[in-house]
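Novice: Structure file entry12.cif, mmCIF, C-alpha atoms and all ligand atoms, is pasted below:
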```
data_start
loop_
_atom_site.group_PDB
_atom_site.id
_atom_site.type_symbol
_atom_site.label_atom_id
_atom_site.label_comp_id
_atom_site.auth_asym_id
_atom_site.auth_seq_id
_atom_site.Cartn_x
_atom_site.Cartn_y
_atom_site.Cartn_z
ATOM 1 C CA MET A 1 98.132 40.400 132.409
ATOM 2 C CA THR A 2 98.771 43.647 134.284
ATOM 3 C CA TYR A 3 101.958 45.646 133.746
ATOM 4 C CA VAL A 4 103.409 48.732 135.459
ATOM 5 C CA ILE A 5 106.039 51.133 134.120
ATOM 6 C CA SER A 6 107.209 54.548 135.269
ATOM 7 C CA ASP A 7 109.463 57.537 134.579
ATOM 8 C CA ILE A 8 109.780 57.048 130.818
ATOM 9 C CA HIS A 9 110.810 60.719 130.515
ATOM 10 C CA GLY A 10 110.392 61.278 126.807
ATOM 11 C CA ASP A 11 112.212 58.146 125.654
ATOM 12 C CA PHE A 12 109.799 57.088 122.921
ATOM 13 C CA GLU A 13 112.193 54.537 121.450
ATOM 14 C CA ARG A 14 112.599 52.542 124.648
ATOM 15 C CA TYR A 15 108.874 52.870 125.417
ATOM 16 C CA GLN A 16 108.154 51.217 122.057
ATOM 17 C CA LYS A 17 110.784 48.553 122.637
ATOM 18 C CA MET A 18 109.211 47.770 126.000
ATOM 19 C CA LEU A 19 105.731 47.388 124.506
ATOM 20 C CA ASP A 20 107.244 44.977 121.978
ATOM 21 C CA LEU A 21 109.114 43.090 124.693
ATOM 22 C CA ILE A 22 106.024 42.551 126.852
ATOM 23 C CA LYS A 23 103.879 42.026 123.728
ATOM 24 C CA LEU A 24 101.201 44.293 125.153
ATOM 25 C CA ASP A 25 97.904 42.984 123.878
ATOM 26 C CA GLU A 26 94.889 45.253 123.664
ATOM 27 C CA ASP A 27 92.402 42.543 124.611
ATOM 28 C CA ARG A 28 94.378 40.577 127.154
ATOM 29 C CA ASP A 29 96.640 43.087 128.953
ATOM 30 C CA VAL A 30 96.561 46.412 130.760
ATOM 31 C CA LEU A 31 99.465 48.782 131.375
ATOM 32 C CA PHE A 32 99.601 51.376 134.157
ATOM 33 C CA VAL A 33 102.052 54.223 133.573
ATOM 34 C CA LEU A 34 103.062 55.689 136.930
ATOM 35 C CA GLY A 35 103.858 59.233 135.862
ATOM 36 C CA ASP A 36 106.800 61.261 134.584
ATOM 37 C CA VAL A 37 106.138 60.396 130.967
ATOM 38 C CA LEU A 38 107.295 63.924 130.119
ATOM 39 C CA ASP A 39 110.599 65.815 129.979
ATOM 40 C CA TYR A 40 114.311 65.179 129.399
ATOM 41 C CA GLY A 41 113.882 63.088 126.231
ATOM 42 C CA GLU A 42 112.605 64.333 122.885
ATOM 43 C CA GLY A 43 109.684 61.934 122.551
ATOM 44 C CA SER A 44 107.312 63.081 125.314
ATOM 45 C CA PHE A 45 104.398 63.756 122.979
ATOM 46 C CA GLN A 46 104.987 60.756 120.754
ATOM 47 C CA ILE A 47 104.590 58.668 123.912
ATOM 48 C CA LEU A 48 101.467 60.574 125.014
ATOM 49 C CA LEU A 49 99.872 60.268 121.580
ATOM 50 C CA ASP A 50 100.594 56.553 121.525
ATOM 51 C CA MET A 51 99.276 56.043 125.076
ATOM 52 C CA SER A 52 96.113 57.979 124.295
ATOM 53 C CA SER A 53 95.410 55.720 121.327
ATOM 54 C CA ARG A 54 95.441 52.601 123.522
ATOM 55 C CA PRO A 55 92.316 51.816 125.539
ATOM 56 C CA ASN A 56 94.283 49.458 127.802
ATOM 57 C CA VAL A 57 96.863 52.006 129.001
ATOM 58 C CA TYR A 58 96.070 53.879 132.227
ATOM 59 C CA PRO A 59 98.057 57.012 133.078
ATOM 60 C CA ILE A 60 98.864 58.174 136.622
ATOM 61 C CA LEU A 61 100.181 61.671 137.398
ATOM 62 C CA GLY A 62 103.811 62.459 138.089
ATOM 63 C CA GLU A 63 105.212 65.780 139.211
ATOM 64 C CA HIS A 64 106.543 66.440 135.710
ATOM 65 C CA GLU A 65 103.007 66.309 134.287
ATOM 66 C CA CYS A 66 101.824 68.604 137.098
ATOM 67 C CA MET A 67 104.628 71.041 136.390
ATOM 68 C CA ALA A 68 104.136 71.002 132.634
ATOM 69 C CA MET A 69 100.360 71.082 132.346
ATOM 70 C CA PRO A 70 99.574 74.701 133.340
ATOM 71 C CA LEU A 71 102.528 75.961 131.311
ATOM 72 C CA LEU A 72 101.658 73.958 128.216
ATOM 73 C CA LYS A 73 98.122 75.321 128.486
ATOM 74 C CA LYS A 74 99.474 78.842 128.443
ATOM 75 C CA LEU A 75 101.557 77.974 125.404
ATOM 76 C CA ALA A 76 98.864 76.158 123.478
ATOM 77 C CA GLY A 77 97.327 79.246 121.926
ATOM 78 C CA ASP A 78 100.497 81.106 121.038
ATOM 79 C CA ILE A 79 103.798 79.333 121.312
ATOM 80 C CA SER A 80 106.066 82.122 120.027
ATOM 81 C CA GLU A 81 108.998 83.530 122.031
ATOM 82 C CA LYS A 82 106.952 86.734 122.181
ATOM 83 C CA ALA A 83 104.134 84.975 124.023
ATOM 84 C CA ILE A 84 106.610 83.541 126.522
ATOM 85 C CA ALA A 85 108.131 86.997 127.067
ATOM 86 C CA LYS A 86 104.673 88.217 128.106
ATOM 87 C CA PHE A 87 104.349 85.702 130.971
ATOM 88 C CA ASP A 88 103.917 87.298 134.383
ATOM 89 C CA ALA A 89 106.794 86.928 136.862
ATOM 90 C CA ALA A 90 105.382 83.912 138.711
ATOM 91 C CA THR A 91 104.643 82.044 135.477
ATOM 92 C CA MET A 92 108.087 82.929 134.126
ATOM 93 C CA GLN A 93 109.608 81.596 137.345
ATOM 94 C CA SER A 94 107.836 78.229 137.017
ATOM 95 C CA PHE A 95 108.685 78.167 133.331
ATOM 96 C CA MET A 96 112.421 78.580 134.076
ATOM 97 C CA GLU A 97 112.196 75.999 136.862
ATOM 98 C CA TRP A 98 110.558 73.518 134.515
ATOM 99 C CA GLY A 99 113.152 74.238 131.820
ATOM 100 C CA LYS A 100 115.924 73.297 134.248
ATOM 101 C CA ASN A 101 114.088 70.067 135.051
ATOM 102 C CA GLY A 102 114.027 68.676 131.548
ATOM 103 C CA GLY A 103 111.209 70.878 130.211
ATOM 104 C CA GLN A 104 113.251 72.451 127.434
ATOM 105 C CA GLU A 105 112.965 69.409 125.188
ATOM 106 C CA THR A 106 109.248 69.286 125.930
ATOM 107 C CA VAL A 107 108.663 72.893 124.861
ATOM 108 C CA ARG A 108 110.652 72.277 121.687
ATOM 109 C CA ALA A 109 108.587 69.170 120.923
ATOM 110 C CA PHE A 110 105.322 70.992 121.749
ATOM 111 C CA ARG A 111 106.180 73.667 119.186
ATOM 112 C CA GLU A 112 106.553 70.989 116.534
ATOM 113 C CA LEU A 113 103.105 69.494 117.149
ATOM 114 C CA ASP A 114 100.278 70.635 114.963
ATOM 115 C CA PRO A 115 97.637 72.650 116.851
ATOM 116 C CA ASP A 116 95.125 69.781 116.939
ATOM 117 C CA ASP A 117 97.651 67.465 118.550
ATOM 118 C CA ARG A 118 98.526 70.190 121.087
ATOM 119 C CA GLU A 119 94.897 70.355 122.150
ATOM 120 C CA TRP A 120 94.678 66.587 122.151
ATOM 121 C CA VAL A 121 97.690 66.024 124.447
ATOM 122 C CA LEU A 122 96.421 68.704 126.843
ATOM 123 C CA GLU A 123 93.074 66.947 127.042
ATOM 124 C CA TYR A 124 94.794 63.627 127.536
ATOM 125 C CA LEU A 125 96.922 64.981 130.413
ATOM 126 C CA GLU A 126 93.651 65.831 132.202
ATOM 127 C CA GLU A 127 92.869 62.112 132.236
ATOM 128 C CA PHE A 128 95.895 61.238 134.380
ATOM 129 C CA THR A 129 94.701 59.994 137.774
ATOM 130 C CA PRO A 130 96.401 60.654 141.160
ATOM 131 C CA TYR A 131 96.657 56.942 142.071
ATOM 132 C CA GLU A 132 95.117 53.556 141.357
ATOM 133 C CA GLU A 133 94.277 50.645 143.615
ATOM 134 C CA ILE A 134 93.950 47.338 141.794
ATOM 135 C CA ASP A 135 93.591 43.642 142.509
ATOM 136 C CA VAL A 136 95.711 41.242 140.523
ATOM 137 C CA GLY A 137 95.261 37.587 141.388
ATOM 138 C CA ASP A 138 94.952 37.453 145.176
ATOM 139 C CA LYS A 139 97.052 40.581 145.753
ATOM 140 C CA THR A 140 96.108 44.253 146.054
ATOM 141 C CA PHE A 141 98.424 46.920 144.692
ATOM 142 C CA VAL A 142 98.432 50.660 145.316
ATOM 143 C CA LEU A 143 99.999 52.459 142.357
ATOM 144 C CA VAL A 144 101.266 56.000 142.832
ATOM 145 C CA HIS A 145 104.027 58.123 141.300
ATOM 146 C CA ALA A 146 106.193 58.979 144.326
ATOM 147 C CA GLY A 147 104.650 57.852 147.609
ATOM 148 C CA LEU A 148 102.094 58.508 150.326
ATOM 149 C CA ASP A 149 103.400 61.525 152.215
ATOM 150 C CA ASN A 150 102.104 61.996 155.776
ATOM 151 C CA PHE A 151 101.117 58.358 155.686
ATOM 152 C CA SER A 152 98.685 56.988 158.214
ATOM 153 C CA LEU A 153 96.787 53.713 157.983
ATOM 154 C CA SER A 154 93.673 55.617 159.037
ATOM 155 C CA ARG A 155 93.758 57.832 155.930
ATOM 156 C CA ASP A 156 91.874 56.771 152.830
ATOM 157 C CA LEU A 157 93.810 57.034 149.586
ATOM 158 C CA GLU A 158 91.325 59.555 148.249
ATOM 159 C CA ASP A 159 92.168 61.869 151.171
ATOM 160 C CA TYR A 160 95.740 62.459 150.012
ATOM 161 C CA ASP A 161 96.407 65.741 148.205
ATOM 162 C CA ILE A 162 98.038 65.410 144.835
ATOM 163 C CA ASP A 163 101.172 67.066 146.305
ATOM 164 C CA GLU A 164 101.397 64.254 148.844
ATOM 165 C CA LEU A 165 101.533 61.693 146.046
ATOM 166 C CA ILE A 166 104.018 63.089 143.548
ATOM 167 C CA HIS A 167 107.045 64.473 145.435
ATOM 168 C CA GLU A 168 108.123 62.403 148.447
ATOM 169 C CA SER A 169 109.238 58.795 148.269
ATOM 170 C CA PRO A 170 108.078 56.438 150.994
ATOM 171 C CA ASP A 171 110.352 55.095 153.706
ATOM 172 C CA TYR A 172 111.230 51.822 152.024
ATOM 173 C CA SER A 173 112.446 50.363 155.322
ATOM 174 C CA ARG A 174 108.944 50.625 156.749
ATOM 175 C CA ILE A 175 105.932 48.413 156.055
ATOM 176 C CA TYR A 176 102.941 50.622 155.165
ATOM 177 C CA PHE A 177 100.195 48.067 154.565
ATOM 178 C CA SER A 178 99.969 44.485 155.770
ATOM 179 C CA ASP A 179 97.559 43.575 152.980
ATOM 180 C CA LYS A 180 98.622 45.744 150.025
ATOM 181 C CA ILE A 181 101.765 46.262 147.994
ATOM 182 C CA LEU A 182 102.780 49.875 147.376
ATOM 183 C CA VAL A 183 104.201 50.391 143.888
ATOM 184 C CA THR A 184 106.124 53.622 143.302
ATOM 185 C CA GLY A 185 108.297 55.277 140.670
ATOM 186 C CA HIS A 186 109.972 58.688 140.946
ATOM 187 C CA LYS A 187 113.168 57.737 142.762
ATOM 188 C CA PRO A 188 115.719 55.760 140.755
ATOM 189 C CA THR A 189 116.217 52.468 142.563
ATOM 190 C CA VAL A 190 119.993 53.039 142.762
ATOM 191 C CA GLU A 191 119.196 55.887 145.173
ATOM 192 C CA ILE A 192 117.197 53.532 147.389
ATOM 193 C CA HIS A 193 119.729 50.727 147.413
ATOM 194 C CA LYS A 194 123.049 50.811 145.537
ATOM 195 C CA GLY A 195 122.894 47.094 144.784
ATOM 196 C CA SER A 196 119.596 47.624 142.923
ATOM 197 C CA LYS A 197 121.158 49.888 140.291
ATOM 198 C CA GLY A 198 119.120 49.606 137.087
ATOM 199 C CA LYS A 199 116.828 46.981 138.629
ATOM 200 C CA ILE A 200 113.357 46.918 140.147
ATOM 201 C CA PHE A 201 113.582 47.018 143.963
ATOM 202 C CA GLN A 202 111.329 45.084 146.348
ATOM 203 C CA LEU A 203 111.283 45.214 150.153
ATOM 204 C CA ASN A 204 108.748 45.340 153.004
ATOM 205 C CA GLY A 205 105.677 45.428 150.783
ATOM 206 C CA HIS A 206 107.212 48.073 148.510
ATOM 207 C CA VAL A 207 108.042 47.795 144.848
ATOM 208 C CA ALA A 208 110.063 50.618 143.300
ATOM 209 C CA ILE A 209 110.077 50.534 139.510
ATOM 210 C CA ASP A 210 111.987 53.642 138.347
ATOM 211 C CA CYS A 211 115.218 51.972 137.318
ATOM 212 C CA GLY A 212 116.727 55.317 136.256
ATOM 213 C CA ALA A 213 115.928 55.413 132.532
ATOM 214 C CA ALA A 214 116.284 59.212 132.511
ATOM 215 C CA TYR A 215 119.919 58.786 133.618
ATOM 216 C CA GLY A 216 120.916 56.230 131.024
ATOM 217 C CA LEU A 217 120.037 53.222 133.165
ATOM 218 C CA PRO A 218 117.531 50.594 131.954
ATOM 219 C CA LEU A 219 113.814 51.173 131.547
ATOM 220 C CA GLY A 220 112.041 48.604 133.704
ATOM 221 C CA CYS A 221 108.546 47.131 133.579
ATOM 222 C CA LEU A 222 106.907 44.722 136.014
ATOM 223 C CA ARG A 223 104.160 42.181 135.405
ATOM 224 C CA LEU A 224 102.113 42.110 138.591
ATOM 225 C CA ASP A 225 100.522 38.702 137.954
ATOM 226 C CA ASP A 226 103.814 36.871 138.544
ATOM 227 C CA MET A 227 106.203 39.746 139.417
ATOM 228 C CA LYS A 228 108.220 39.063 136.274
ATOM 229 C CA GLU A 229 110.634 41.897 135.455
ATOM 230 C CA PHE A 230 111.356 43.230 131.974
ATOM 231 C CA TYR A 231 114.161 45.583 130.998
ATOM 232 C CA VAL A 232 115.160 47.623 127.965
ATOM 233 C CA ASP A 233 118.783 48.791 128.183
HETATM 234 MN MN MN B 1 109.000 62.097 139.566
#
```
Rewrite the structure from the file as structure tokens, please.

Specialist:
Amino acid sequence: MTYVISDIHGDFERYQKMLDLIKLDEDRDVLFVLGDVLDYGEGSFQILLDMSSRPNVYPILGEHECMAMPLLKKLAGDISEKAIAKFDAATMQSFMEWGKNGGQETVRAFRELDPDDREWVLEYLEEFTPYEEIDVGDKTFVLVHAGLDNFSLSRDLEDYDIDELIHESPDYSRIYFSDKILVTGHKPTVEIHKGSKGKIFQLNGHVAIDCGAAYGLPLGCLRLDDMKEFYVD
């Protein structure tokens, strides 16, 4: 079976509960994580370490990983306040920006990791892919964190810049592909359609799976084989 989840945002406890709920099996199942594993919650690295230990979990980049990665790299060697004070102005600016967007908890948790695990999570973040295209049963799914900005049917997926995939949500009122389903996270479904608060949203060949876990709403997960929905409150 093939599962998709997104926007876990450091909530290790609910991530674990979800894996229990879907009974993720190493031999039988695969799980695609559509980005924004990091920030807001305290368990960002517990989730990453768990994901990296599972050969059947495939990570896709979100903008939070893109924001965090260069800054975590700078911190990996020396994580003291002194080292941060030595950042140049541009780095300091992105560091503050990240902090406001849930990065504070992530820096705190990074400090608590032992140096080997710091290196390990940085290496693992390099493995996150920009998108995936997969066949499940007789359907094809495009999996991406936010959307396909500057969409055109004539563009190949590999021609999108990473920035076109992680920031802008698609127009959910518009059909993008006649033969593929576009699966996105990033935007809590309540912001797409009020009636979908805390639920997975489907319309016009789109599936939006960020149910708003970072805002206290449920964490959702979808099984693509039969479109069965799973929730952890
Ligand atoms: Mn996002």

Novice: Do you know which residues are at most 10 Å from Gly102 in chain A counting all atoms listed in the file, after dropping those on the same chain fewer than 6 positions away, and could you put them as a compact mmCIF listing (two decimals) with C-alpha atoms, in the coordinates of the input?

Specialist:
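As a result, part12.txt now contains:
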```txt
# COMPACT_ATOMS: atom_id res chain seq x y z
CA HIS A 9 110.81 60.72 130.51
CA GLY A 10 110.39 61.28 126.81
CA LEU A 38 107.30 63.92 130.12
CA ASP A 39 110.60 65.82 129.98
CA TYR A 40 114.31 65.18 129.40
CA GLY A 41 113.88 63.09 126.23
CA GLU A 42 112.60 64.33 122.88
CA HIS A 64 106.54 66.44 135.71
CA ALA A 214 116.28 59.21 132.51
```

Novice: For the structure provided, state which residues fall under the PyMOL selection byres (((chain A and resi 76) around 12) and not hetatm), and present them as a tab-separated table (two decimals) with C-alpha atoms, keeping the file's coordinate frame.

Specialist:
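Printed below is expr-v3.tsv as written:
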```tsv
chain	number	residue	atom	x	y	z
A	68	ALA	CA	104.14	71.00	132.63
A	69	MET	CA	100.36	71.08	132.35
A	70	PRO	CA	99.57	74.70	133.34
A	71	LEU	CA	102.53	75.96	131.31
A	72	LEU	CA	101.66	73.96	128.22
A	73	LYS	CA	98.12	75.32	128.49
A	74	LYS	CA	99.47	78.84	128.44
A	75	LEU	CA	101.56	77.97	125.40
A	77	GLY	CA	97.33	79.25	121.93
A	78	ASP	CA	100.50	81.11	121.04
A	79	ILE	CA	103.80	79.33	121.31
A	80	SER	CA	106.07	82.12	120.03
A	83	ALA	CA	104.13	84.98	124.02
A	84	ILE	CA	106.61	83.54	126.52
A	107	VAL	CA	108.66	72.89	124.86
A	110	PHE	CA	105.32	70.99	121.75
A	111	ARG	CA	106.18	73.67	119.19
A	112	GLU	CA	106.55	70.99	116.53
A	113	LEU	CA	103.10	69.49	117.15
A	114	ASP	CA	100.28	70.64	114.96
A	115	PRO	CA	97.64	72.65	116.85
A	116	ASP	CA	95.12	69.78	116.94
A	117	ASP	CA	97.65	67.46	118.55
A	118	ARG	CA	98.53	70.19	121.09
A	119	GLU	CA	94.90	70.36	122.15
A	120	TRP	CA	94.68	66.59	122.15
A	121	VAL	CA	97.69	66.02	124.45
A	122	LEU	CA	96.42	68.70	126.84
A	123	GLU	CA	93.07	66.95	127.04
```

Novice: Residues at most 8 Å from ligand MN 1 (chain B), using only C-alpha atoms and all ligand atoms? Could they come as a CSV table (one decimal) with C-alpha atoms, in the coordinates of the input?

Specialist:
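Result went into selection.csv, see below:
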```csv
chain,number,residue,atom,x,y,z
A,7,ASP,CA,109.5,57.5,134.6
A,35,GLY,CA,103.9,59.2,135.9
A,36,ASP,CA,106.8,61.3,134.6
A,62,GLY,CA,103.8,62.5,138.1
A,63,GLU,CA,105.2,65.8,139.2
A,64,HIS,CA,106.5,66.4,135.7
A,145,HIS,CA,104.0,58.1,141.3
A,146,ALA,CA,106.2,59.0,144.3
A,166,ILE,CA,104.0,63.1,143.5
A,167,HIS,CA,107.0,64.5,145.4
A,185,GLY,CA,108.3,55.3,140.7
A,186,HIS,CA,110.0,58.7,140.9
A,187,LYS,CA,113.2,57.7,142.8
```

Novice: With distances taken over all atoms listed in the file, which of A:Lys197, A:Phe87, A:Leu48, A:Lys82 is nearest to Thr106 in chain A?

Specialist: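 Nearest to Thr106 in chain A: A:Leu48.
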
Novice: Box for range 104-113 of chain A: with edges along x, y and z, all listed atoms inside and 6 Å added on each side, what are the centre and edge lengths in Å to one decimal, as lines of an AutoDock Vina configuration file?

Specialist:
```
center_x = 108.2
center_y = 71.4
center_z = 122.0
size_x = 22.1
size_y = 16.5
size_z = 22.9
```

Novice: Within 12 Å of (117.6, 47.3, 146.1) (coordinates as in the file), grab all the protein and nucleic acid residues, counting all atoms listed in the file, and write them out as a list in words.

Specialist: Tyr172, Ser173, Lys187, Pro188, Thr189, Val190, Glu191, Ile192, His193, Lys194, Gly195, Ser196, Lys197, Gly198, Lys199, Ile200, Phe201, Gln202, Leu203, Asn204, His206, Val207, Ala208, Ile209, Asp210 and Cys211 of chain A
